[in-house]
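The next block holds one structure in the form of structure tokens; read it before the comments.
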Amino acid sequence: MAEIVLDKVSKRYPDGALAVSDVDITIADGEFIILVGPSGCGKSTTLNMIAGLEDITGGELRIDGQRVNERAPKDRDIAMVFQSYALYPHMSVRENMAFPLRLAHVDKETVNRKVEEAARILDLGQHLDRKPGNLSGGQRQRVAMGRAIVRDPKAFLMDEPLSNLDAKLRVQMRTSVAKLQRRLGTTTVYVTHDQTEAMTLGDRVVVMRGGVVQQIGSPQSLYEQPVNLFVAGFIGSPSMNFLPATLADGQLRTPLGPVPLTDRIRRLVESSSAPREVIVGLRPEHFEDASLLDEAERSAGGTFTAAVEVMESMGSDKFAYFLVEGETATSAELDELAAESGSAEMTDNGAQIVTRLSAASPIKEGDEAEVWFDPDKLHLFDPKDGRTLTHTG
Amino acid sequence: MKAVSEGKKAERRLGLWLCAPAALVMIAVTAYPIIYSVWLSLQRYDLRFPAEREFVGLANYVTVLSNSYWWTAFGVTTFITVVSVVIELVLGMALALVMHRTLVARGLIRTVALIPYGIVTVVAAFSWRYAWEDTTGYLAQLFGDSAPLTQRASALAIIILAEVWKTVPFMALLLMAGLALVPEDLLKAASMDGATPWQRFTKVMLPVMKPAILVALLFRTLDAFRIFDNIFVLTSGAQQTGSVSMQTYNNLIRGLNLGVGSTMSVLIFLAVAVIAFLFVKVFGAAAPGNDGGKR
């Protein structure tokens, strides 16, 4: 159990490339914290610096108040789970899990007891004498977890531990990782590129981009109050819709038509000295099929009419994709997100809008449909630096 | 087992046809000489007395195996093989680790390290001979006025030195391929688990690269057992430094005794086969990956 403090921690490679820049995070004792971001954002480097596998070139890392920058990994009392599991192929499951204890010269009886206990928690009892080569992906993953927990370390570090599992198993293991962490109450730093994992697992999530921390907060606060375009676009699936807009005369001119500013938004915009040209962000769930709403609800929001390009029915609700003609929102953050998800240049003559409609909606693919949206839920961003203009702090 | 389908059968037949040319060449250049020398080894056949050629069964084998010269040569060969391969393994591993970890001038260092292996053995052997020759050799002079090549122990040491010098790079190259098989994550995991660098090497690296080490050892042992050129140039087998290959050469080529010479070469062939069998069956079966039960 330990508190881990990253105090302006930086990593600069000998060739001058800055991989991680001034990361400030205080991880409370027992906390489950997620580092998330696209590949190359510095999340794994940060984790490796906590582990001691990479040198820290600036700032200070403290575990339980003690500076550990110069300590070798084995002297930090931290266990790590790797994406590749890194199981020793020549050792049985039992020997793999016992390895850290044997190196620490723990007596045989204690080793056996701890290994058996970990095997029971992870349901590996009947596999103890098998070699990793004969185990399934999920079992290997559990052995890797077992090797970490037998030591009862100060903290767990997990580097994309579920990425090599197939989708169904991943969801299953996600729950068991969360349960295990809660049961053991060990401080855990977890790296992933998958925002769903980040949202579902962590007490707090750290969103990183280009070696810089963008925002730290609970999953819900990141979702509801993203501080910039990058966080807004990265968190949430399907992701937030972005459209260019112009602020003038107390209303927004958007490709969806003019949108009146609600009092709440107007106050926020005024206090943040917004420019004329902005980017509007709207989450898919803040749209609805207009035909399902009564007159009072409809008039409280905006509406637009467009043809449904694609309709995906999920059973519980429906995702309708519209093409809104006109300009698309552009900014460095959005370009990066598009490149990451591989969706760059997919729409050529307009912006695609994803909406989540009630399952009761009769709209079909190809229909011209009238869609309602909630103008009080929209986010405004400055296209130049990506910062939010509607942050309530 | 399910019956093999028609398509599979055709595919297998095509496979055999495609292998046939290579198999024929193999039979022509290896199987035929082997069988022919086995045939010769069963005959009394001395080119000085060609008229006395006759089939004598295993008599040649009795002659060779009851001869003290053969057993001396066999002992010398085994000694050179074991000592040089052990030294080569240790030095080769060290060199492989250095080459694997080198960050600067990688290509240059690897090329330089490989130079000894690129030099023709006989050429290298001659330069070793000049270096150790009494009165003129620059290395011999370091040890005072000695003639190391004329004494058995020092001559054997020099033969081993020449062998080691030449084949360490080869060993290092094979081992380096094995090092590349050890995932970086495994070593990182070991250091997280509390292993010191030495423990990482002995408890993780060596066991994981064991198959590569065995292959390297097998190649080198087979090669070392057939040692000829270094001994031929350095001592010509004087002072009981001759290997079994030297004995074979002396009987077969110099003595023109095809029967006894062939017997010796067949015995060398058998010894090499036994070594290969031991490596593959005894050590190879325990290689990680093909988990044959207990460890």
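Lettering and numbering for the structure tokens are positional, with chains as A, B, ... in the shown order, residues counted from 1 in each chain, and ligands counted from 1 in the shown order.
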(request) Fewer than 6 positions away in the same chain doesn't count, so skip those; otherwise give me all residues within 10 Å of A:Gln66, counting only C-alpha atoms, as a PyMOL selection string. (result) chain A and resi 3-5+60
Can you spit out the residues from that selection as a JSON list (two decimals), in the first residue's frame, using N, CA and C atoms?
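part.json written:
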```json
[["chain", "number", "residue", "atom", "x", "y", "z"],
["A", 3, "GLU", "N", 1.28, 5.58, -1.38],
["A", 3, "GLU", "CA", 0.91, 6.74, -2.18],
["A", 3, "GLU", "C", 2.05, 6.98, -3.17],
["A", 4, "ILE", "N", 1.69, 7.20, -4.42],
["A", 4, "ILE", "CA", 2.71, 7.45, -5.45],
["A", 4, "ILE", "C", 2.54, 8.88, -5.94],
["A", 5, "VAL", "N", 3.63, 9.63, -5.90],
["A", 5, "VAL", "CA", 3.56, 11.02, -6.34],
["A", 5, "VAL", "C", 4.51, 11.23, -7.50],
["A", 60, "GLU", "N", 10.61, 14.44, -9.92],
["A", 60, "GLU", "CA", 10.85, 13.50, -8.83],
["A", 60, "GLU", "C", 9.68, 12.52, -8.72]]
```
(message) With only C-alpha atoms considered, list every residue of chain A at most 10 Å from chain B, as JSON, numbers by chain.
(response) {"A": [48, 51, 52, 53, 72, 73, 74, 75, 76, 77, 78, 79, 80, 81, 82, 83, 84, 85, 86, 87, 88, 89, 90, 91, 92, 97, 98, 99, 100, 101, 102, 103, 104, 129, 130, 131, 132, 133, 134, 144, 147, 148, 151]}
Could the residues in this selection be written to a file with C-alpha atoms, as a compact mmCIF listing (two decimals), in the first residue's frame?
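Here's the written file part.txt:
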```txt
# COMPACT_ATOMS: atom_id res chain seq x y z
CA ASN A 48 7.93 2.41 -17.04
CA ALA A 51 8.48 0.89 -12.48
CA GLY A 52 12.10 1.94 -12.80
CA LEU A 53 12.51 0.37 -16.22
CA ALA A 72 16.45 -0.14 -9.26
CA PRO A 73 13.10 -1.75 -10.11
CA LYS A 74 13.69 -4.57 -7.63
CA ASP A 75 14.15 -2.11 -4.79
CA ARG A 76 10.87 -0.28 -5.40
CA ASP A 77 8.60 -3.11 -4.24
CA ILE A 78 6.25 -2.73 -7.20
CA ALA A 79 4.78 -5.52 -9.31
CA MET A 80 4.01 -5.19 -12.98
CA VAL A 81 1.72 -6.99 -15.40
CA PHE A 82 2.79 -6.80 -19.02
CA GLN A 83 0.71 -6.77 -22.17
CA SER A 84 2.61 -9.84 -23.38
CA TYR A 85 2.20 -11.33 -19.85
CA ALA A 86 5.97 -12.01 -19.90
CA LEU A 87 5.59 -15.44 -18.32
CA TYR A 88 8.75 -17.52 -18.07
CA PRO A 89 8.17 -20.26 -20.66
CA HIS A 90 10.48 -22.78 -18.98
CA MET A 91 8.71 -22.60 -15.62
CA SER A 92 5.38 -24.08 -14.58
CA MET A 97 4.15 -17.25 -9.48
CA ALA A 98 6.75 -18.33 -6.91
CA PHE A 99 9.63 -16.70 -8.79
CA PRO A 100 9.52 -13.27 -7.10
CA LEU A 101 9.17 -14.92 -3.68
CA ARG A 102 12.04 -17.30 -4.31
CA LEU A 103 14.25 -14.40 -5.35
CA ALA A 104 13.32 -12.69 -2.11
CA ASP A 129 1.80 -27.65 -12.80
CA ARG A 130 1.28 -26.71 -16.42
CA LYS A 131 3.64 -24.62 -18.52
CA PRO A 132 2.47 -21.25 -19.86
CA GLY A 133 2.69 -22.62 -23.40
CA ASN A 134 -0.23 -24.94 -22.67
CA ALA A 144 0.61 -12.82 -14.80
CA ARG A 147 2.75 -13.40 -10.12
CA ALA A 148 2.03 -9.79 -9.22
CA ARG A 151 4.32 -10.53 -3.53
```
(request) Apply DSSP to the backbone of this structure and, from stretch 218-375 of chain A, keep only the residues in alpha helix (DSSP H); write these as a PyMOL selection string. (result) chain A and resi 219-224+229-234+263-271+295-299+332-341
Selection file, N, CA and C atoms, as an mmCIF file, in the first residue's frame:
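Output (out30.cif):
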```cif
data_model
loop_
_atom_site.group_PDB
_atom_site.id
_atom_site.type_symbol
_atom_site.label_atom_id
_atom_site.label_comp_id
_atom_site.auth_asym_id
_atom_site.auth_seq_id
_atom_site.Cartn_x
_atom_site.Cartn_y
_atom_site.Cartn_z
ATOM 1 N N PRO A 219 -14.089 9.337 -14.177
ATOM 2 C CA PRO A 219 -14.609 9.078 -15.518
ATOM 3 C C PRO A 219 -15.785 9.986 -15.866
ATOM 4 N N GLN A 220 -16.691 10.174 -14.908
ATOM 5 C CA GLN A 220 -17.875 10.975 -15.195
ATOM 6 C C GLN A 220 -17.517 12.435 -15.452
ATOM 7 N N SER A 221 -16.572 12.954 -14.674
ATOM 8 C CA SER A 221 -16.237 14.368 -14.864
ATOM 9 C C SER A 221 -15.526 14.579 -16.191
ATOM 10 N N LEU A 222 -14.725 13.586 -16.632
ATOM 11 C CA LEU A 222 -14.075 13.715 -17.938
ATOM 12 C C LEU A 222 -15.121 13.714 -19.041
ATOM 13 N N TYR A 223 -16.150 12.927 -18.820
ATOM 14 C CA TYR A 223 -17.180 12.779 -19.842
ATOM 15 C C TYR A 223 -18.034 14.039 -19.919
ATOM 16 N N GLU A 224 -18.363 14.565 -18.748
ATOM 17 C CA GLU A 224 -19.284 15.698 -18.728
ATOM 18 C C GLU A 224 -18.579 17.035 -18.862
ATOM 19 N N LEU A 229 -10.831 19.948 -26.624
ATOM 20 C CA LEU A 229 -11.362 19.165 -27.737
ATOM 21 C C LEU A 229 -10.851 17.740 -27.713
ATOM 22 N N PHE A 230 -9.564 17.571 -27.336
ATOM 23 C CA PHE A 230 -8.972 16.237 -27.378
ATOM 24 C C PHE A 230 -9.672 15.296 -26.406
ATOM 25 N N VAL A 231 -9.826 15.750 -25.171
ATOM 26 C CA VAL A 231 -10.483 14.904 -24.170
ATOM 27 C C VAL A 231 -11.927 14.649 -24.586
ATOM 28 N N ALA A 232 -12.587 15.709 -25.088
ATOM 29 C CA ALA A 232 -13.987 15.574 -25.501
ATOM 30 C C ALA A 232 -14.127 14.511 -26.584
ATOM 31 N N GLY A 233 -13.191 14.525 -27.534
ATOM 32 C CA GLY A 233 -13.277 13.583 -28.641
ATOM 33 C C GLY A 233 -12.808 12.191 -28.276
ATOM 34 N N PHE A 234 -11.867 12.109 -27.320
ATOM 35 C CA PHE A 234 -11.285 10.805 -26.986
ATOM 36 C C PHE A 234 -12.198 9.997 -26.082
ATOM 37 N N ASP A 263 -29.437 30.119 -21.178
ATOM 38 C CA ASP A 263 -28.862 31.058 -20.201
ATOM 39 C C ASP A 263 -27.553 30.536 -19.637
ATOM 40 N N ARG A 264 -27.529 29.241 -19.345
ATOM 41 C CA ARG A 264 -26.340 28.642 -18.746
ATOM 42 C C ARG A 264 -25.145 28.788 -19.689
ATOM 43 N N ILE A 265 -25.358 28.432 -20.963
ATOM 44 C CA ILE A 265 -24.276 28.501 -21.934
ATOM 45 C C ILE A 265 -23.851 29.957 -22.143
ATOM 46 N N ARG A 266 -24.846 30.843 -22.223
ATOM 47 C CA ARG A 266 -24.534 32.246 -22.476
ATOM 48 C C ARG A 266 -23.615 32.803 -21.388
ATOM 49 N N ARG A 267 -23.930 32.464 -20.131
ATOM 50 C CA ARG A 267 -23.104 32.948 -19.019
ATOM 51 C C ARG A 267 -21.678 32.416 -19.120
ATOM 52 N N LEU A 268 -21.564 31.132 -19.426
ATOM 53 C CA LEU A 268 -20.238 30.517 -19.517
ATOM 54 C C LEU A 268 -19.432 31.132 -20.649
ATOM 55 N N VAL A 269 -20.110 31.364 -21.793
ATOM 56 C CA VAL A 269 -19.422 31.923 -22.955
ATOM 57 C C VAL A 269 -18.934 33.323 -22.632
ATOM 58 N N GLU A 270 -19.786 34.101 -21.955
ATOM 59 C CA GLU A 270 -19.398 35.476 -21.645
ATOM 60 C C GLU A 270 -18.201 35.504 -20.703
ATOM 61 N N SER A 271 -18.184 34.588 -19.749
ATOM 62 C CA SER A 271 -17.101 34.617 -18.771
ATOM 63 C C SER A 271 -15.795 34.081 -19.344
ATOM 64 N N GLU A 295 -44.890 18.689 -27.869
ATOM 65 C CA GLU A 295 -44.634 20.043 -28.359
ATOM 66 C C GLU A 295 -43.741 20.829 -27.402
ATOM 67 N N ALA A 296 -44.004 20.699 -26.089
ATOM 68 C CA ALA A 296 -43.262 21.484 -25.107
ATOM 69 C C ALA A 296 -41.784 21.104 -25.113
ATOM 70 N N GLU A 297 -41.530 19.801 -25.145
ATOM 71 C CA GLU A 297 -40.135 19.343 -25.155
ATOM 72 C C GLU A 297 -39.435 19.797 -26.434
ATOM 73 N N ARG A 298 -40.152 19.674 -27.544
ATOM 74 C CA ARG A 298 -39.559 20.035 -28.840
ATOM 75 C C ARG A 298 -39.145 21.487 -28.876
ATOM 76 N N SER A 299 -40.020 22.338 -28.377
ATOM 77 C CA SER A 299 -39.732 23.769 -28.500
ATOM 78 C C SER A 299 -38.608 24.181 -27.558
ATOM 79 N N ALA A 332 -6.163 20.902 -34.747
ATOM 80 C CA ALA A 332 -5.070 19.929 -34.630
ATOM 81 C C ALA A 332 -5.517 18.719 -33.820
ATOM 82 N N GLU A 333 -6.265 18.979 -32.728
ATOM 83 C CA GLU A 333 -6.718 17.895 -31.867
ATOM 84 C C GLU A 333 -7.605 16.922 -32.630
ATOM 85 N N LEU A 334 -8.555 17.489 -33.389
ATOM 86 C CA LEU A 334 -9.500 16.626 -34.094
ATOM 87 C C LEU A 334 -8.783 15.821 -35.172
ATOM 88 N N ASP A 335 -7.803 16.449 -35.831
ATOM 89 C CA ASP A 335 -7.048 15.725 -36.858
ATOM 90 C C ASP A 335 -6.336 14.532 -36.237
ATOM 91 N N GLU A 336 -5.762 14.766 -35.045
ATOM 92 C CA GLU A 336 -5.027 13.696 -34.384
ATOM 93 C C GLU A 336 -5.956 12.546 -33.993
ATOM 94 N N LEU A 337 -7.126 12.920 -33.476
ATOM 95 C CA LEU A 337 -8.097 11.894 -33.086
ATOM 96 C C LEU A 337 -8.552 11.093 -34.295
ATOM 97 N N ALA A 338 -8.777 11.808 -35.420
ATOM 98 C CA ALA A 338 -9.231 11.128 -36.627
ATOM 99 C C ALA A 338 -8.150 10.175 -37.122
ATOM 100 N N ALA A 339 -6.892 10.623 -37.046
ATOM 101 C CA ALA A 339 -5.787 9.774 -37.493
ATOM 102 C C ALA A 339 -5.701 8.537 -36.609
ATOM 103 N N GLU A 340 -5.895 8.732 -35.322
ATOM 104 C CA GLU A 340 -5.809 7.618 -34.376
ATOM 105 C C GLU A 340 -6.885 6.571 -34.637
ATOM 106 N N SER A 341 -8.115 7.053 -34.905
ATOM 107 C CA SER A 341 -9.203 6.096 -35.089
ATOM 108 C C SER A 341 -9.279 5.621 -36.531
#
```
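With only C-alpha atoms as the basis for measurement, B:Thr241 is the residue among B:Thr241, B:Leu173, B:Ser66, B:Tyr36 that approaches B:Ala157 most closely.
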(message) Need to verify the contact set: A:Val171, 12 Å, only C-alpha atoms, exclusion of same-chain residues closer than 5 positions in sequence. Can you return it as a PyMOL selection string?
(response) chain A and resi 138+162-163+165-166+176-178+194+196-197+200-201
Please save N, CA and C atoms of the selected residues as a short mmCIF file (atom, residue, chain, number, x, y, z; two decimals), in the first residue's frame.
```cif
data_model
loop_
_atom_site.label_atom_id
_atom_site.label_comp_id
_atom_site.auth_asym_id
_atom_site.auth_seq_id
_atom_site.Cartn_x
_atom_site.Cartn_y
_atom_site.Cartn_z
N GLY A 138 -6.49 -16.19 -21.63
CA GLY A 138 -7.08 -15.71 -20.38
C GLY A 138 -6.37 -16.29 -19.17
N LEU A 162 -5.02 -6.31 -20.83
CA LEU A 162 -6.12 -7.06 -21.44
C LEU A 162 -6.11 -6.95 -22.96
N SER A 163 -5.13 -6.24 -23.52
CA SER A 163 -5.17 -5.95 -24.96
C SER A 163 -5.03 -7.18 -25.83
N LEU A 165 -6.39 -10.07 -25.33
CA LEU A 165 -7.51 -11.00 -25.18
C LEU A 165 -8.59 -10.68 -26.20
N ASP A 166 -9.41 -11.68 -26.53
CA ASP A 166 -10.49 -11.36 -27.47
C ASP A 166 -11.58 -10.58 -26.73
N SER A 176 -13.16 -8.70 -13.50
CA SER A 176 -12.41 -9.39 -12.45
C SER A 176 -11.21 -8.58 -11.99
N VAL A 177 -10.59 -7.81 -12.90
CA VAL A 177 -9.49 -6.95 -12.48
C VAL A 177 -10.01 -5.91 -11.49
N ALA A 178 -11.15 -5.33 -11.80
CA ALA A 178 -11.72 -4.30 -10.91
C ALA A 178 -12.03 -4.90 -9.54
N ASP A 194 -7.63 2.11 -24.55
CA ASP A 194 -9.05 1.87 -24.79
C ASP A 194 -9.85 2.72 -23.81
N THR A 196 -12.95 2.83 -23.23
CA THR A 196 -14.00 2.11 -22.50
C THR A 196 -13.42 1.49 -21.24
N GLU A 197 -12.24 0.86 -21.37
CA GLU A 197 -11.56 0.30 -20.20
C GLU A 197 -11.29 1.40 -19.18
N THR A 200 -14.52 2.43 -17.39
CA THR A 200 -15.18 1.46 -16.54
C THR A 200 -14.33 1.05 -15.34
N LEU A 201 -13.00 1.15 -15.45
CA LEU A 201 -12.15 0.59 -14.41
C LEU A 201 -11.75 1.57 -13.32
#
```
(request) For A:Ala369, list every protein, DNA or RNA residue within 8 Å, evaluated using only C-alpha atoms, and leave out those in the same chain fewer than 2 positions away; present the list as an NGL selection string. (result) :A and (289 or 305-308 or 363 or 367 or 371)
(request) Please run DSSP on the backbone and report, as number ranges by chain, all residues within stretch 10-67 of chain B that come out as strand (DSSP E). (result) B: 43-44, 54-55
Keeping only C-alpha atoms, take the residues you just selected and write them out as a compact mmCIF listing (two decimals), in the first residue's frame.
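File produced: selection.txt:
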```txt
# COMPACT_ATOMS: atom_id res chain seq x y z
CA GLN B 43 37.79 -55.59 -46.99
CA ARG B 44 41.51 -56.05 -46.75
CA GLU B 54 39.61 -59.75 -50.12
CA PHE B 55 36.51 -59.55 -47.97
```
(request) Enter the distance from atom CA of A:Glu309 to atom CA of A:His379, in Å, rounded to one decimal. (result)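 If I compute the distance from atom CA of A:Glu309 to atom CA of A:His379, I get 24.7 Å.
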(request) Find the residues around stretch 161-172 of chain B up to 6 Å (only C-alpha atoms counted), leave out those fewer than 6 positions away in its own chain, and share them as a list in words. (result)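 Within the cut-off, the hits are Ser84, Glu88, Gly92, Met93, Leu95, Ala96, Leu114, Pro116 and Tyr117 of chain B.
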Take the residues that were just selected and, keeping C-alpha atoms, output them as a short mmCIF file (atom, residue, chain, number, x, y, z; two decimals), in the first residue's frame.
```
data_model
loop_
_atom_site.label_atom_id
_atom_site.label_comp_id
_atom_site.auth_asym_id
_atom_site.auth_seq_id
_atom_site.Cartn_x
_atom_site.Cartn_y
_atom_site.Cartn_z
CA SER B 84 37.60 -26.16 -26.83
CA GLU B 88 34.06 -21.43 -26.98
CA GLY B 92 31.03 -16.96 -27.36
CA MET B 93 28.29 -16.15 -24.88
CA LEU B 95 30.90 -11.92 -27.06
CA ALA B 96 27.26 -12.46 -28.03
CA LEU B 114 33.75 -12.21 -37.38
CA PRO B 116 38.78 -14.85 -37.50
CA TYR B 117 35.97 -17.01 -38.80
#
```
(request) Using only C-alpha atoms, find the one residue out of A:Cys41, A:Ile121, A:Val212, A:Val191 that sits nearest to A:Ser10. (result)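 Going through A:Cys41, A:Ile121, A:Val212, A:Val191 one by one, the smallest distance to A:Ser10 is for A:Val212.
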(request) Quick one: everything within 7 Å of A:Arg283, counting only C-alpha atoms, minus sequence neighbours fewer than 5 positions away in the same chain. Send it as a list in words. (result) Ser239, Met240 and Asn241 of chain A
Keeping N, CA and C atoms for every residue in the selection just given, could you write it to a file as an mmCIF file, in the first residue's frame?
```cif
data_model
loop_
_atom_site.group_PDB
_atom_site.id
_atom_site.type_symbol
_atom_site.label_atom_id
_atom_site.label_comp_id
_atom_site.auth_asym_id
_atom_site.auth_seq_id
_atom_site.Cartn_x
_atom_site.Cartn_y
_atom_site.Cartn_z
ATOM 1 N N SER A 239 -18.042 8.748 -30.360
ATOM 2 C CA SER A 239 -17.493 9.979 -29.805
ATOM 3 C C SER A 239 -18.392 11.176 -30.093
ATOM 4 N N MET A 240 -18.039 12.259 -29.413
ATOM 5 C CA MET A 240 -18.791 13.497 -29.529
ATOM 6 C C MET A 240 -18.786 13.988 -30.978
ATOM 7 N N ASN A 241 -19.897 14.609 -31.394
ATOM 8 C CA ASN A 241 -19.963 15.204 -32.736
ATOM 9 C C ASN A 241 -19.428 16.625 -32.664
#
```
(request) Report the distance between atom CA of A:Phe322 and atom CA of A:Leu243 in Å, rounded to one decimal place. (result)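 Here the two named atoms are 12.7 Å from each other.
Using only C-alpha atoms for every distance, the candidate list A:Leu293, A:Lys384, A:Lys108, A:Pro14 yields A:Leu293 as the residue closest to A:Glu370.
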